[in-house]
Amino acid sequence: MQVITNDLQLIAQALGQPIMQVISREYIEAIASNINAYGGQTLAAIASVLIAEILRDCYHIAGHYWKPLQPWHNLHHKAYRADLSKVSMEIYRQAELFNDVPEAIFMVSASAAIAGIGYGYGLWAMAFGCIYALGFLIMALARSQGWLLATDITHKEGALVQLPSQWTVNRTYHWRHHFDRGEAYFCSTFTLVDQILGTALSLKGKNIAITGASGSMGRALIAQLSKRGAKMIALTSSPNAVFNLGDTEGSTKKKEIEVICWQMGKESELRDRLQKVDILILNHGVNVRAARDSQSIYQSYEVNTFSVARWMDLFLETVTESKHIATKEIWVNTSEAEVNPALSPLYEMSKRAIGDLVTLRRLDAPCTIRKLILGPFKSELNPYGIMSASFVAWAIAFLAQRGFRNIIVTINPLTFILYPIKEFMRSLYFRIFSRRQN
């Protein structure tokens with residue numbers, strides 16, 4: 001490129017004309033072609049890194065399910081205590097030598113093979129993935145000798161201080177693989193494979209409490225989450241409500257679930273029970289439809305906003321241990337009324353209020369908070385809903401297991417555009433103009 005530019009300058013000087021007048025259409029096309037070529041190589045380099053990470057995650061999964069690799073990967077798991085401190089330096093070095101080094105060799109070899117294929121198509125930048133993988137091999141070899149231990153970032157010793165990340169793997173995310181559920185959270189750097197497989201959040205064995213349990217969505221969520229191995233706790237204000245898994249989704253099981261009655265304004269009476277809850281789903285609500293009298297105003301905000309906020313405060317107080325940062329969550333059903341009309345002004349206003357409060361609390365929350373942004377489904381609150389509660393509940397569970405923090409389930413395409421913009425702008429506004437109190 002520099003040679004061509006120098007030649008043009010010489011030609012321009014000889015002709016005594018401005019350089020722009022001697023730049024031909026062919027030259028401009030050549031520049032465009034070079035830009036496209038280098039852009040393609042850049043994309044190839046990025047793709048090669050992603051492929052290398054996918055290969056590593058696949059090897060990791062094989063370490064759990066393929067018998068020849070299981071003993072060595074089990075050694076890796078045995079090398080750490082619950083605070084990620086090393087059981088012994090000898091076990092750690094063996095785990096690095098027999099688990100991490102072969103894993104890195106597989107990354108390098110497979111990446112090299114893919115780079116060779118890419119080179120045949122002119123994508124020489126695919127070799128970047130091989131070089132990237134080679135760096136992990138060098139570090140794994142060094143750690144197996146007791147050197148460069150600081151490079152083992154996701155296994156650093158100490159209490160968990162960050163929430164599990166969504167798109168990349170941090171210590172808290174990886175801690176869950178070791179000490180929460182070994183058959184999930186497989187990824188090492190990017191969470192792409194977990195998102196595809198639905199292993200970015202494990203529901204198996206989780207104690208999940210849900211308010212509004214006797215409603216259509218409550219019962220549908222109980223059915224769907226129970227299928228995924230969760231232990232359900234139904235929180236209901238209906239004293240005569242009865243739940244069992246045989247009632248839902250045609251299941252033949254008759255396993256009873258725990259039912260706890262609560263009253264509006266007395267949420268604090270369940271403080272102790274929340275200590276052993278892993279995920280709290282705040283699903284209760286009221287829709288006064290067209291009403292606008294004072295009683296309807298107070299009722300809408302009390303049920304849809306203030307009660308939900310009190311439940312959140314109570315649950316966040318139970319996050320007292322390092323492991324709670326990794327395992328505890330709140331899911332709040334705020335509805336797509338946050339950004340779209342619901343033909344019920346007080347419902348919209350109260351749901352938007354709690355939606356903003358959740359966005360605000362997320363900034364400092366000691367555990368993960370997910371939003372459920374749901375479109376119209378058939379229920380007592382909305383008998384004219386289009387979607388079925390069972391479908392919406394399935395979609396919620398499906399997306400939660402893939403790590404989504406804002407779970408949108410609707411038939412309205414505008415919500416998928418408007419909500420992310422709204423959430424980003426409100427979060428940015430709160431970050432700028434509010435402060436955390438020590």
# chains A, B, ... in the order shown; residues from 1 in each chain; ligands from 1
$ residues_around --residues "Ile373 of chain A" --least-positions-apart "6" --cutoff "9 Å" --atoms "only C-alpha atoms" --output "list of chain:residue names"
A:Val332, A:Asn333, A:Thr334, A:Ser335, A:Glu336, A:Ala337, A:Glu338, A:Asn406, A:Ile407, A:Ile408, A:Val409, A:Thr410, A:Thr415, A:Tyr419
$ write_last_selection --atoms "N, CA, C and O atoms" --output "CSV table (one decimal), in the first residue's frame"
chain,number,residue,atom,x,y,z
A,332,VAL,N,-37.8,-11.6,38.7
A,332,VAL,CA,-38.9,-10.7,38.9
A,332,VAL,C,-39.8,-10.6,37.6
A,332,VAL,O,-39.2,-10.2,36.6
A,333,ASN,N,-41.0,-10.9,37.7
A,333,ASN,CA,-41.9,-10.8,36.6
A,333,ASN,C,-42.4,-9.4,36.5
A,333,ASN,O,-43.3,-8.9,37.2
A,334,THR,N,-41.8,-8.6,35.6
A,334,THR,CA,-42.1,-7.2,35.5
A,334,THR,C,-43.1,-6.9,34.3
A,334,THR,O,-43.7,-5.9,34.3
A,335,SER,N,-43.2,-7.9,33.4
A,335,SER,CA,-44.1,-7.8,32.2
A,335,SER,C,-43.6,-6.8,31.2
A,335,SER,O,-42.8,-5.9,31.5
A,336,GLU,N,-44.0,-7.0,29.9
A,336,GLU,CA,-43.6,-6.1,28.9
A,336,GLU,C,-44.4,-4.8,29.0
A,336,GLU,O,-44.2,-3.9,28.2
A,337,ALA,N,-45.2,-4.6,30.0
A,337,ALA,CA,-45.8,-3.3,30.3
A,337,ALA,C,-44.8,-2.3,30.6
A,337,ALA,O,-45.1,-1.1,30.6
A,338,GLU,N,-43.5,-2.7,30.9
A,338,GLU,CA,-42.4,-1.8,31.1
A,338,GLU,C,-42.3,-0.9,29.9
A,338,GLU,O,-41.8,0.3,30.0
A,406,ASN,N,-32.2,-10.8,31.1
A,406,ASN,CA,-33.5,-10.3,30.7
A,406,ASN,C,-34.3,-11.2,29.8
A,406,ASN,O,-33.9,-11.4,28.7
A,407,ILE,N,-35.2,-11.9,30.4
A,407,ILE,CA,-35.9,-13.0,29.7
A,407,ILE,C,-37.2,-12.5,29.1
A,407,ILE,O,-38.2,-12.2,29.8
A,408,ILE,N,-37.1,-12.3,27.7
A,408,ILE,CA,-38.3,-11.7,27.0
A,408,ILE,C,-39.0,-12.8,26.3
A,408,ILE,O,-38.5,-13.6,25.5
A,409,VAL,N,-40.3,-13.0,26.6
A,409,VAL,CA,-41.2,-14.0,26.0
A,409,VAL,C,-42.4,-13.3,25.6
A,409,VAL,O,-43.3,-12.9,26.4
A,410,THR,N,-42.6,-13.0,24.3
A,410,THR,CA,-43.7,-12.2,23.8
A,410,THR,C,-43.9,-12.5,22.3
A,410,THR,O,-42.9,-13.0,21.6
A,415,THR,N,-41.0,-5.3,21.4
A,415,THR,CA,-40.5,-5.4,22.8
A,415,THR,C,-39.0,-5.8,22.7
A,415,THR,O,-38.2,-5.4,23.5
A,419,TYR,N,-37.2,-2.8,24.7
A,419,TYR,CA,-36.8,-3.1,26.0
A,419,TYR,C,-35.3,-3.0,26.3
A,419,TYR,O,-34.9,-2.3,27.2
$ residues_around --residues "Val101 of chain A" --least-positions-apart "2" --cutoff "9 Å" --atoms "only C-alpha atoms" --output "short mmCIF file (atom, residue, chain, number, x, y, z; two decimals) with N, CA, C and O atoms, in the first residue's frame"
data_model
loop_
_atom_site.label_atom_id
_atom_site.label_comp_id
_atom_site.auth_asym_id
_atom_site.auth_seq_id
_atom_site.Cartn_x
_atom_site.Cartn_y
_atom_site.Cartn_z
N ALA A 95 -2.67 -32.54 38.49
CA ALA A 95 -3.90 -32.18 37.76
C ALA A 95 -3.56 -31.33 36.54
O ALA A 95 -4.15 -31.50 35.46
N GLU A 96 -2.62 -30.43 36.69
CA GLU A 96 -2.21 -29.60 35.56
C GLU A 96 -1.56 -30.46 34.47
O GLU A 96 -1.83 -30.30 33.28
N LEU A 97 -0.71 -31.40 34.89
CA LEU A 97 0.04 -32.22 33.93
C LEU A 97 -0.87 -33.19 33.19
O LEU A 97 -0.71 -33.40 31.98
N PHE A 98 -1.83 -33.79 33.90
CA PHE A 98 -2.64 -34.85 33.29
C PHE A 98 -4.02 -34.38 32.82
O PHE A 98 -4.72 -35.15 32.14
N ASN A 99 -4.39 -33.16 33.14
CA ASN A 99 -5.68 -32.64 32.66
C ASN A 99 -5.50 -31.40 31.78
O ASN A 99 -5.89 -31.40 30.62
N GLU A 103 -5.42 -31.12 27.58
CA GLU A 103 -6.48 -30.27 27.05
C GLU A 103 -5.90 -29.22 26.11
O GLU A 103 -6.43 -28.97 25.01
N ALA A 104 -4.80 -28.59 26.52
CA ALA A 104 -4.15 -27.57 25.69
C ALA A 104 -3.54 -28.18 24.43
O ALA A 104 -3.56 -27.57 23.36
N ILE A 105 -2.99 -29.40 24.55
CA ILE A 105 -2.45 -30.08 23.36
C ILE A 105 -3.56 -30.34 22.35
O ILE A 105 -3.38 -30.16 21.13
N PHE A 106 -4.72 -30.73 22.84
CA PHE A 106 -5.86 -30.95 21.96
C PHE A 106 -6.27 -29.63 21.29
O PHE A 106 -6.54 -29.60 20.08
N PHE A 136 -1.80 -21.24 25.98
CA PHE A 136 -2.37 -21.99 27.09
C PHE A 136 -1.55 -23.24 27.39
O PHE A 136 -1.41 -23.65 28.54
N LEU A 137 -0.99 -23.85 26.34
CA LEU A 137 -0.16 -25.04 26.55
C LEU A 137 1.10 -24.68 27.33
O LEU A 137 1.48 -25.39 28.27
N ILE A 138 1.72 -23.57 26.97
CA ILE A 138 2.94 -23.14 27.68
C ILE A 138 2.64 -22.86 29.14
O ILE A 138 3.37 -23.28 30.04
N MET A 139 1.51 -22.17 29.40
CA MET A 139 1.16 -21.84 30.79
C MET A 139 0.80 -23.09 31.58
O MET A 139 1.14 -23.21 32.77
N ALA A 140 0.09 -24.05 30.94
CA ALA A 140 -0.26 -25.29 31.65
C ALA A 140 0.98 -26.08 32.00
O ALA A 140 1.10 -26.64 33.10
N LEU A 141 1.95 -26.15 31.07
CA LEU A 141 3.21 -26.83 31.35
C LEU A 141 3.96 -26.16 32.50
O LEU A 141 4.52 -26.84 33.37
N SER A 144 2.32 -26.97 35.79
CA SER A 144 2.58 -28.35 36.21
C SER A 144 3.94 -28.48 36.89
O SER A 144 4.19 -29.47 37.60
#
$ closest_residue --among "A:Cys187, A:Glu267, A:Ser322, A:Ser214" --to "Ala241 of chain A" --atoms "only C-alpha atoms"
A:Ser214
$ closest_residue --among "A:Met217, A:Leu418, A:Val277, A:Val339" --to "Met387 of chain A" --atoms "only C-alpha atoms"
A:Met217
$ select_by_dssp --residues "segment 18-174 of chain A" --states "alpha helix (DSSP H)" --output "ChimeraX atom specification"
/A:19-22,25-65,70-78,89-95,101-120,127-144,171-174
$ select_by_dssp --residues "segment 103-226 of chain A" --states "strand (DSSP E or B)" --output "list of chain:residue names"
A:Thr168, A:Phe190, A:Asn207, A:Ile208, A:Ala209, A:Ile210, A:Thr211
$ closest_residue --among "A:Ser344, A:Ser88, A:Ser307, A:Gln275" --to "Lys328 of chain A" --atoms "only C-alpha atoms"
A:Gln275
$ residues_around --residues "segment 205-207 of chain A" --least-positions-apart "4" --cutoff "6 Å" --atoms "only C-alpha atoms" --output "ChimeraX atom specification"
/A:229-231,277-278
$ residues_around --residues "Gln41 of chain A" --least-positions-apart "5" --cutoff "8 Å" --atoms "only C-alpha atoms" --output "ChimeraX atom specification"
/A:123-126
$ write_last_selection --atoms "C-alpha atoms" --output "mmCIF file, in the first residue's frame"
data_model
loop_
_atom_site.group_PDB
_atom_site.id
_atom_site.type_symbol
_atom_site.label_atom_id
_atom_site.label_comp_id
_atom_site.auth_asym_id
_atom_site.auth_seq_id
_atom_site.Cartn_x
_atom_site.Cartn_y
_atom_site.Cartn_z
ATOM 1 C CA LEU A 123 -7.613 -17.492 5.397
ATOM 2 C CA TRP A 124 -4.074 -17.432 6.769
ATOM 3 C CA ALA A 125 -5.285 -15.576 9.898
ATOM 4 C CA MET A 126 -6.915 -18.820 11.092
#
$ atom_distance --atom1 "atom CA of Pro383 of chain A" --atom2 "atom CA of Ala397 of chain A"
23.1 Å
$ closest_residue --among "A:Ala309, A:Leu374, A:Leu314, A:Met107" --to "Ile354 of chain A" --atoms "only C-alpha atoms"
A:Ala309
$ atom_distance --atom1 "atom CA of Ile91 of chain A" --atom2 "atom CA of Ala79 of chain A"
5.7 Å
$ residues_around --residues "Phe315 of chain A" --least-positions-apart "6" --cutoff "12 Å" --atoms "only C-alpha atoms" --output "NGL selection string"
:A and (209 or 267-268 or 270-282 or 308-309 or 324 or 328-331 or 365-369)
$ write_last_selection --atoms "N, CA, C and O atoms" --output "CSV table (one decimal), in the first residue's frame"
chain,number,residue,atom,x,y,z
A,209,ALA,N,-38.5,-20.9,45.4
A,209,ALA,CA,-39.8,-20.4,45.9
A,209,ALA,C,-40.4,-19.4,45.0
A,209,ALA,O,-39.7,-18.6,44.4
A,267,GLU,N,-44.6,-10.0,54.7
A,267,GLU,CA,-43.6,-10.8,54.1
A,267,GLU,C,-42.4,-11.1,55.0
A,267,GLU,O,-41.8,-12.2,54.9
A,268,SER,N,-42.1,-10.3,56.0
A,268,SER,CA,-41.0,-10.5,56.9
A,268,SER,C,-41.2,-11.7,57.8
A,268,SER,O,-40.2,-12.2,58.3
A,270,LEU,N,-41.6,-14.6,56.8
A,270,LEU,CA,-40.9,-15.7,56.1
A,270,LEU,C,-39.4,-15.5,55.9
A,270,LEU,O,-38.8,-16.2,55.2
A,271,ARG,N,-38.9,-14.5,56.7
A,271,ARG,CA,-37.5,-14.2,56.6
A,271,ARG,C,-36.6,-15.5,56.8
A,271,ARG,O,-35.7,-15.8,56.1
A,272,ASP,N,-36.9,-16.3,57.9
A,272,ASP,CA,-36.1,-17.4,58.2
A,272,ASP,C,-36.2,-18.5,57.1
A,272,ASP,O,-35.2,-19.2,56.8
A,273,ARG,N,-37.4,-18.7,56.5
A,273,ARG,CA,-37.5,-19.7,55.5
A,273,ARG,C,-36.7,-19.3,54.2
A,273,ARG,O,-36.3,-20.2,53.5
A,274,LEU,N,-36.6,-18.0,54.0
A,274,LEU,CA,-35.9,-17.6,52.8
A,274,LEU,C,-34.4,-17.9,52.9
A,274,LEU,O,-33.7,-17.9,51.8
A,275,GLN,N,-33.9,-18.2,54.1
A,275,GLN,CA,-32.5,-18.5,54.2
A,275,GLN,C,-32.0,-19.7,53.4
A,275,GLN,O,-30.9,-19.7,52.9
A,276,LYS,N,-32.9,-20.7,53.3
A,276,LYS,CA,-32.6,-21.9,52.5
A,276,LYS,C,-33.1,-21.9,51.1
A,276,LYS,O,-33.2,-23.0,50.5
A,277,VAL,N,-33.6,-20.8,50.6
A,277,VAL,CA,-34.1,-20.7,49.2
A,277,VAL,C,-32.9,-20.2,48.3
A,277,VAL,O,-32.2,-19.3,48.6
A,278,ASP,N,-32.8,-20.9,47.2
A,278,ASP,CA,-31.7,-20.6,46.3
A,278,ASP,C,-32.2,-19.5,45.2
A,278,ASP,O,-31.5,-18.6,44.9
A,279,ILE,N,-33.4,-19.7,44.7
A,279,ILE,CA,-34.0,-18.8,43.7
A,279,ILE,C,-35.4,-18.4,44.2
A,279,ILE,O,-36.2,-19.2,44.5
A,280,LEU,N,-35.6,-17.1,44.3
A,280,LEU,CA,-36.9,-16.5,44.6
A,280,LEU,C,-37.5,-15.9,43.3
A,280,LEU,O,-37.0,-15.0,42.8
A,281,ILE,N,-38.7,-16.5,42.9
A,281,ILE,CA,-39.4,-15.9,41.8
A,281,ILE,C,-40.6,-15.1,42.2
A,281,ILE,O,-41.5,-15.6,42.9
A,282,LEU,N,-40.5,-13.8,41.9
A,282,LEU,CA,-41.6,-12.9,42.4
A,282,LEU,C,-42.6,-12.7,41.2
A,282,LEU,O,-42.3,-12.0,40.2
A,308,VAL,N,-43.4,-6.5,46.1
A,308,VAL,CA,-42.3,-7.1,45.4
A,308,VAL,C,-40.9,-6.6,45.9
A,308,VAL,O,-40.0,-7.3,46.1
A,309,ALA,N,-40.9,-5.3,46.1
A,309,ALA,CA,-39.7,-4.6,46.7
A,309,ALA,C,-39.3,-5.2,48.0
A,309,ALA,O,-38.2,-5.4,48.4
A,324,HIS,N,-23.2,-17.8,48.4
A,324,HIS,CA,-24.5,-17.3,48.0
A,324,HIS,C,-24.4,-16.3,46.8
A,324,HIS,O,-25.4,-16.2,46.1
A,328,LYS,N,-27.4,-17.9,44.7
A,328,LYS,CA,-28.7,-17.3,44.9
A,328,LYS,C,-29.1,-16.3,43.8
A,328,LYS,O,-28.3,-15.6,43.2
A,329,GLU,N,-30.4,-16.3,43.5
A,329,GLU,CA,-30.9,-15.5,42.5
A,329,GLU,C,-32.3,-15.0,42.8
A,329,GLU,O,-33.1,-15.7,43.6
A,330,ILE,N,-32.7,-13.9,42.2
A,330,ILE,CA,-34.1,-13.4,42.2
A,330,ILE,C,-34.6,-13.2,40.8
A,330,ILE,O,-33.9,-12.7,39.9
A,331,TRP,N,-35.8,-13.7,40.5
A,331,TRP,CA,-36.4,-13.5,39.2
A,331,TRP,C,-37.7,-12.7,39.4
A,331,TRP,O,-38.5,-13.1,40.3
A,365,ALA,N,-26.7,-5.2,43.8
A,365,ALA,CA,-27.2,-6.4,44.3
A,365,ALA,C,-26.1,-7.4,44.6
A,365,ALA,O,-25.2,-7.6,43.7
A,366,PRO,N,-26.1,-8.1,45.7
A,366,PRO,CA,-25.1,-9.1,46.0
A,366,PRO,C,-25.3,-10.5,45.3
A,366,PRO,O,-24.6,-11.4,45.5
A,367,CYS,N,-26.4,-10.6,44.6
A,367,CYS,CA,-26.7,-11.8,43.8
A,367,CYS,C,-27.3,-11.5,42.5
A,367,CYS,O,-27.8,-10.3,42.3
A,368,THR,N,-27.5,-12.4,41.6
A,368,THR,CA,-28.0,-12.2,40.3
A,368,THR,C,-29.5,-11.9,40.4
A,368,THR,O,-30.3,-12.6,41.1
A,369,ILE,N,-30.0,-10.9,39.6
A,369,ILE,CA,-31.4,-10.6,39.5
A,369,ILE,C,-31.8,-10.6,38.1
A,369,ILE,O,-31.2,-9.9,37.2
$ closest_residue --among "A:Asp194, A:Arg362, A:Ser111, A:Glu183" --to "Gly63 of chain A" --atoms "only C-alpha atoms"
A:Glu183
$ residues_around --residues "Arg228 of chain A" --least-positions-apart "4" --cutoff "8 Å" --atoms "only C-alpha atoms" --output "MDAnalysis selection string"
chainID A and resid 203:204 224
$ atom_distance --atom1 "atom CA of Thr151 of chain A" --atom2 "atom CA of Ala113 of chain A"
26.4 Å
$ residues_around --residues "segment 237-240 of chain A" --least-positions-apart "4" --cutoff "10 Å" --atoms "only C-alpha atoms" --output "VMD selection string"
chain A and resid 211 to 215 259 to 264 284
$ write_last_selection --atoms "N, CA and C atoms" --output "compact mmCIF listing (two decimals), in the first residue's frame"
# COMPACT_ATOMS: atom_id res chain seq x y z
N THR A 211 -43.81 -16.79 44.34
CA THR A 211 -45.05 -16.14 44.77
C THR A 211 -46.06 -16.18 43.63
N GLY A 212 -47.32 -15.96 43.98
CA GLY A 212 -48.35 -16.07 42.96
C GLY A 212 -48.45 -17.49 42.44
N ALA A 213 -48.14 -18.46 43.31
CA ALA A 213 -48.03 -19.85 42.88
C ALA A 213 -49.34 -20.46 42.44
N SER A 214 -50.46 -19.96 42.96
CA SER A 214 -51.75 -20.57 42.62
C SER A 214 -52.32 -20.05 41.31
N GLY A 215 -51.68 -19.05 40.70
CA GLY A 215 -52.13 -18.52 39.42
C GLY A 215 -51.67 -19.37 38.26
N VAL A 259 -46.01 -25.96 50.49
CA VAL A 259 -46.92 -24.83 50.30
C VAL A 259 -46.87 -23.95 51.54
N ILE A 260 -46.62 -22.66 51.32
CA ILE A 260 -46.55 -21.70 52.43
C ILE A 260 -47.50 -20.55 52.12
N CYS A 261 -48.42 -20.28 53.05
CA CYS A 261 -49.34 -19.15 52.89
C CYS A 261 -48.70 -17.88 53.44
N TRP A 262 -48.91 -16.77 52.78
CA TRP A 262 -48.40 -15.50 53.25
C TRP A 262 -49.44 -14.41 53.01
N GLN A 263 -49.31 -13.30 53.72
CA GLN A 263 -50.25 -12.20 53.58
C GLN A 263 -49.51 -10.93 53.17
N MET A 264 -50.17 -10.16 52.37
CA MET A 264 -49.60 -8.89 51.92
C MET A 264 -49.23 -8.02 53.12
N HIS A 284 -46.25 -12.66 41.77
CA HIS A 284 -47.61 -12.23 42.12
C HIS A 284 -47.89 -10.84 41.55
$ closest_residue --among "A:Val49, A:Leu372, A:Leu75, A:Val161" --to "Ala110 of chain A" --atoms "only C-alpha atoms"
A:Val49
